[in-house]
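K.L.:
Take this structure, written in structure tokens, and hold onto it; I'll ask about it next.
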Amino acid sequence: MVSNNLNCHFEKGKITVILGGSGSGKTSLLRQVTGLEKPDSGSVYFNGLDLTTMGRKKLYDTRKKMGMLFQGSALFNYLNIFENIAFPLREHTKIADNIIKTIVTMKLEMVGLRGTEKLMPSQLSGGMTKRVGLARAIVMDPEIIFYDEPTSGLDPISTGVIDKLIKDLNQALNITSVVVSHDIKSCFRIADNIIILFYGDIIAEGTVEEIKNSKDLRVKQFINGEPEGPIPFTRTDKNYLDEILFD
Amino acid sequence: MDITAKFGRFTLNRLQILGRSGIFLLAAIFQAFLPPFRIRRLVKEIEFIGSKSFLIVFVTALFTGMVLGIQGYYSLSQFGAEAALGVMVALSIIRELGPVLCSLMVAGRAGSAITAEIGIMKITDQFPALEMMAIDPLKYVISPKIIAGILSLPLLTAFFNLVGIAGGYLVGVKLLGVNEGAYLGKMVLAITFTDIYGGILKSLCFGVLITWIASFMGFTAEPTTEGVSRATTNAVVLISLSILIVDYILTSLLL
């Protein structure tokens with residue numbers, strides 16, 4: 001996905017939701033913001049440091065202050081729930097086992113899954129693996145968490161649970177949160193700020209109220225989920241009749 | 001497109017993959033020698049590649065040795081040289097069949113599993129997840145596998161040699177009545193350290209080949225179901241072929 005002149009910032013301690021349809025460039029944006037991918041040009045600043053120019057070691061040090069919840073949770077399928085959550089602690093710290101146990105139990109309590117420590121990721125439902133992924137993302141007490149489509153593929157109740165968790169974590173721990181999503185309902189529930197992406201461009205930016213009252217037709221179409229509007233449903237510019245009759 | 005250009009593009013493409021895989025191997029081995037050392041990961045990989053291959057290697061070695069016993073006896077008895085059966089069995093196994101067959105079996109068992117495992121890790125975003133947790137996936141996932149391959153294969157080959165020679169003994173001495181002293185005694189006299197050393201060196205190279213190709217194919221697999229299944233098949237085919245080709249090259253260099 002090609003983005004040009006994209007300029008945005010994520011307010012500290014707030015929840016910013018990046019909204020956009022499929023192929024709008026939101027996943028690419030997330031990968032570039034976290035340093036997983038290098039943009040061809042441009043910079044990404046985190047705490048005043050440019051992620052795109054720093055070396056690997058520095059980048060890894062910076063990443064210790066970031067958490068990320070992946071769309072598929074990305075849990076390690078050969079480790080049980082406890083070990084999955086304890087993983088970053090074991091790798092990066094020399095914390096004693098009994099303290100790791102306390103930390104993991106606390107994080108599991110936060111996501112409401114105490115008692116699942118011994119289970120394997122394959123034994124949990126989609127919503128539960130997301131919550132485990134979330135517990136793992138916060139186990140190092142990050143300053144910022146990125147959520148990649150946290151509610152996609154979940155039932156309404158699990159969606160509500162995840163939304164509440166995102167909100168609670170943001171308020172309780174004052175973690176800056178960046179959520180990439182196409183779920184309008186959940187977006188309005190949790191967002192402080194909303195950015196709407198359309199084919200790599202930001203077409204709207206603002207608080208929930210500002211977005212709801214936006215006069216932009218594309219924004220209206222998107223938040224109301226209308227199939228007809230300025231955002232085209234078809235992919236090609238070619239005229240339908242022309243293609244049928246003259247090709 | 002012009003056929004020359006097509007050929008050029010194809011060649012460049014292949015060379016690029018070869019170069020990338022070379023850097024991949026060197027980086028993985030280099031990373032293995034940098035702290036932190038994850039001994040537990042390494043032990044786990046050795047268990048998977050090495051220990052769990054014991055049974056399959058045992059059966060392969062036993063029957064290879066037994067077949068060699070029968071075939072060798074049949075050929076040698078035509079010259080009245082049954083007494084050399086031990087030497088024949090041991091030399092074939094130690095120099096050739098041990099390292100090659102053992103590696104082929106491990107490639108089929110562990111190589112395919114490595115590619116599939118890494119491919120699935122890729123599909124489920126576990127590599128970016130590691131990256132986000134500030135852990136180098138190459139060092140965490142790949143290095144232990146390659147080091148485990150280097151350590152396991154020579155040991156498995158030694159085990160193969162032992163069982164293979166025992167298989168030949170079983171058929172030759174116990175079944176066909178070759179003199180026990182001749183079978184073992186001549187073997188001990190005829191086999192030199194270079195024979196053993198050559199075989200073990202081969203198995204070492206095959207250990208690298210198996211884990212390297214399997215990991216690289218998994219790492220570069222297209223992150224879809226078909227992509228991973230294709231990569232797994234390709235990995236086993238490519239590993240088997242390269243084992244046979246490298247075996248020829250090493251044999252001609254060592255002799």
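Identifiers for the structure tokens are assigned positionally: chains receive A, B, ... in sequence, residues are indexed from 1 per chain, and ligands are indexed from 1 in the order shown.
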Just list the residues in region 71-232 of chain A DSSP gives helix (DSSP H, G or I) on the backbone, as a PyMOL selection string.

P.N.:
chain A and resi 81-92+97-110+121-123+126-138+156-173+184-190+208-212+217-224

K.L.:
Should the cut-off be 9 Å, what would the residue list for chain B against chain A look like, counting only C-alpha atoms, as an MDAnalysis selection string?

P.N.:
chainID B and resid 36 121 124:129 131:136

K.L.:
Give me, as a CSV table (one decimal) with N, CA and C atoms, in the first residue's frame, all polymer residues having an atom no more than 9 Å from Leu162 (chain B), counting only C-alpha atoms and skipping those fewer than 4 positions away in the same chain.

P.N.:
chain,number,residue,atom,x,y,z
B,61,ALA,N,19.2,-48.6,10.0
B,61,ALA,CA,20.6,-49.2,10.1
B,61,ALA,C,20.5,-50.7,10.2
B,90,ALA,N,31.3,-53.1,7.1
B,90,ALA,CA,31.7,-51.9,7.9
B,90,ALA,C,32.2,-50.8,7.0
B,94,ILE,N,30.4,-47.3,7.2
B,94,ILE,CA,31.1,-46.2,7.8
B,94,ILE,C,31.4,-45.1,6.8
B,157,THR,N,24.8,-40.7,13.2
B,157,THR,CA,25.6,-41.5,12.3
B,157,THR,C,26.4,-42.6,13.0
B,158,ALA,N,27.1,-42.2,14.1
B,158,ALA,CA,27.8,-43.1,14.8
B,158,ALA,C,27.0,-44.3,15.3
B,166,ALA,N,26.2,-54.3,13.5
B,166,ALA,CA,25.6,-55.4,14.2
B,166,ALA,C,24.6,-56.2,13.4
B,167,GLY,N,23.9,-55.5,12.5
B,167,GLY,CA,22.9,-56.1,11.6
B,167,GLY,C,23.7,-57.1,10.7

K.L.:
Using only C-alpha atoms, which residues sit within 8 Å of Gly111 (chain B) once same-chain residues fewer than 6 positions away are excluded, as a PDB file with N, CA and C atoms, in the first residue's frame?

P.N.:
ATOM      1  N   ILE B 210      20.684 -30.092   6.223  1.00  0.00           N
ATOM      2  CA  ILE B 210      19.287 -30.389   6.581  1.00  0.00           C
ATOM      3  C   ILE B 210      18.647 -29.199   7.278  1.00  0.00           C
ATOM      4  N   THR B 211      19.284 -28.731   8.356  1.00  0.00           N
ATOM      5  CA  THR B 211      18.649 -27.685   9.156  1.00  0.00           C
ATOM      6  C   THR B 211      18.657 -26.343   8.419  1.00  0.00           C
ATOM      7  N   ALA B 214      16.000 -26.604   5.476  1.00  0.00           N
ATOM      8  CA  ALA B 214      14.652 -26.703   6.048  1.00  0.00           C
ATOM      9  C   ALA B 214      14.237 -25.364   6.659  1.00  0.00           C
ATOM     10  N   ALA B 235      11.509 -28.526   0.442  1.00  0.00           N
ATOM     11  CA  ALA B 235      12.624 -28.650   1.377  1.00  0.00           C
ATOM     12  C   ALA B 235      13.144 -30.086   1.382  1.00  0.00           C
ATOM     13  N   VAL B 236      12.235 -31.064   1.496  1.00  0.00           N
ATOM     14  CA  VAL B 236      12.677 -32.459   1.577  1.00  0.00           C
ATOM     15  C   VAL B 236      13.366 -32.880   0.280  1.00  0.00           C
TER      16      VAL B 236
END

K.L.:
List as a PyMOL selection string the protein and nucleic acid residues near region 180-192 of chain A, meaning an atom at most 7 Å away when only C-alpha atoms are counted, but skip any in the same chain fewer than 3 places from it.

P.N.:
chain A and resi 14-21+26+147-149+163+167+207-208+223

K.L.:
Kindly export the residues of the current selection with N, CA and C atoms, as a tab-separated table (two decimals), in the first residue's frame.

P.N.:
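Full text of result-v9.tsv as output:
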chain	number	residue	atom	x	y	z
A	14	LYS	N	-3.65	8.60	25.56
A	14	LYS	CA	-4.99	8.56	24.96
A	14	LYS	C	-5.13	7.33	24.07
A	15	ILE	N	-6.37	7.02	23.71
A	15	ILE	CA	-6.61	5.93	22.75
A	15	ILE	C	-6.88	6.53	21.39
A	16	THR	N	-6.02	6.23	20.43
A	16	THR	CA	-6.22	6.70	19.07
A	16	THR	C	-6.65	5.50	18.23
A	17	VAL	N	-7.75	5.62	17.53
A	17	VAL	CA	-8.19	4.53	16.67
A	17	VAL	C	-7.95	4.92	15.22
A	18	ILE	N	-7.27	4.05	14.49
A	18	ILE	CA	-7.08	4.28	13.06
A	18	ILE	C	-8.12	3.44	12.35
A	19	LEU	N	-9.05	4.10	11.70
A	19	LEU	CA	-10.12	3.40	11.01
A	19	LEU	C	-9.84	3.37	9.52
A	20	GLY	N	-10.30	2.34	8.87
A	20	GLY	CA	-10.13	2.29	7.43
A	20	GLY	C	-10.63	0.97	6.92
A	21	GLY	N	-11.08	0.94	5.69
A	21	GLY	CA	-11.54	-0.31	5.10
A	21	GLY	C	-10.36	-1.21	4.77
A	26	LYS	N	-3.92	0.65	6.61
A	26	LYS	CA	-3.77	0.79	8.07
A	26	LYS	C	-2.80	-0.23	8.66
A	147	TYR	N	-2.72	-2.20	18.86
A	147	TYR	CA	-3.70	-3.27	18.68
A	147	TYR	C	-3.99	-3.40	17.19
A	148	ASP	N	-3.76	-4.59	16.63
A	148	ASP	CA	-4.07	-4.80	15.23
A	148	ASP	C	-5.42	-5.52	15.14
A	149	GLU	N	-6.43	-4.80	14.74
A	149	GLU	CA	-7.79	-5.33	14.63
A	149	GLU	C	-8.15	-6.22	15.81
A	163	ASP	N	-13.02	-4.41	24.21
A	163	ASP	CA	-13.14	-2.95	24.24
A	163	ASP	C	-12.96	-2.41	25.66
A	167	LYS	N	-9.95	0.05	27.15
A	167	LYS	CA	-10.29	1.27	27.87
A	167	LYS	C	-9.69	1.23	29.29
A	207	THR	N	-11.92	13.98	17.31
A	207	THR	CA	-12.54	13.24	18.40
A	207	THR	C	-13.77	12.51	17.86
A	208	VAL	N	-14.34	11.68	18.71
A	208	VAL	CA	-15.51	10.90	18.29
A	208	VAL	C	-16.62	11.84	17.81
A	223	ILE	N	-18.74	5.58	8.14
A	223	ILE	CA	-19.26	5.30	9.47
A	223	ILE	C	-20.70	4.76	9.43

K.L.:
When you count only C-alpha atoms, which of these residues is closest to Tyr248 (chain B): B:Leu130, B:Val228, B:Val100, B:Met88?

P.N.:
B:Val100

K.L.:
Just the residues within 12 Å of Ile196 (chain B), please, counting only C-alpha atoms, with nothing from its chain fewer than 2 positions along; format it as an MDAnalysis selection string.

P.N.:
chainID B and resid 90:96 98:99 154 157:158 161:162 188 190:194 198:203 254

K.L.:
Quick one: residues within 10 Å of Asn47 (chain A), only C-alpha atoms counted, chain neighbours fewer than 2 positions away excluded, as a PyMOL selection string?

P.N.:
chain A and resi 12+45+49-51+62+143

K.L.:
Quote the spacing between CA of Glu209 (chain A) and CA of Leu173 (chain A) in Å to one decimal place.

P.N.:
25.0 Å

K.L.:
Just how far from CA of Gly127 (chain A) is CA of Asp155 (chain A), in Å to one decimal?

P.N.:
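Distance between the two atoms: 8.0 Å.
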
K.L.:
Taking into account only C-alpha atoms, which residue in the set B:Asp247, B:Glu45, B:Glu180, B:Glu222 is nearest to Phe206 (chain B)?

P.N.:
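Comparing B:Asp247, B:Glu45, B:Glu180, B:Glu222 against Phe206 (chain B), the winner is B:Asp247.
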
K.L.:
Between CA of Gly172 (chain B) and CA of Gly86 (chain B), measure the distance and give it in Å to one decimal.

P.N.:
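So the two atoms, CA of Gly172 (chain B) and CA of Gly86 (chain B), lie 8.2 Å apart.
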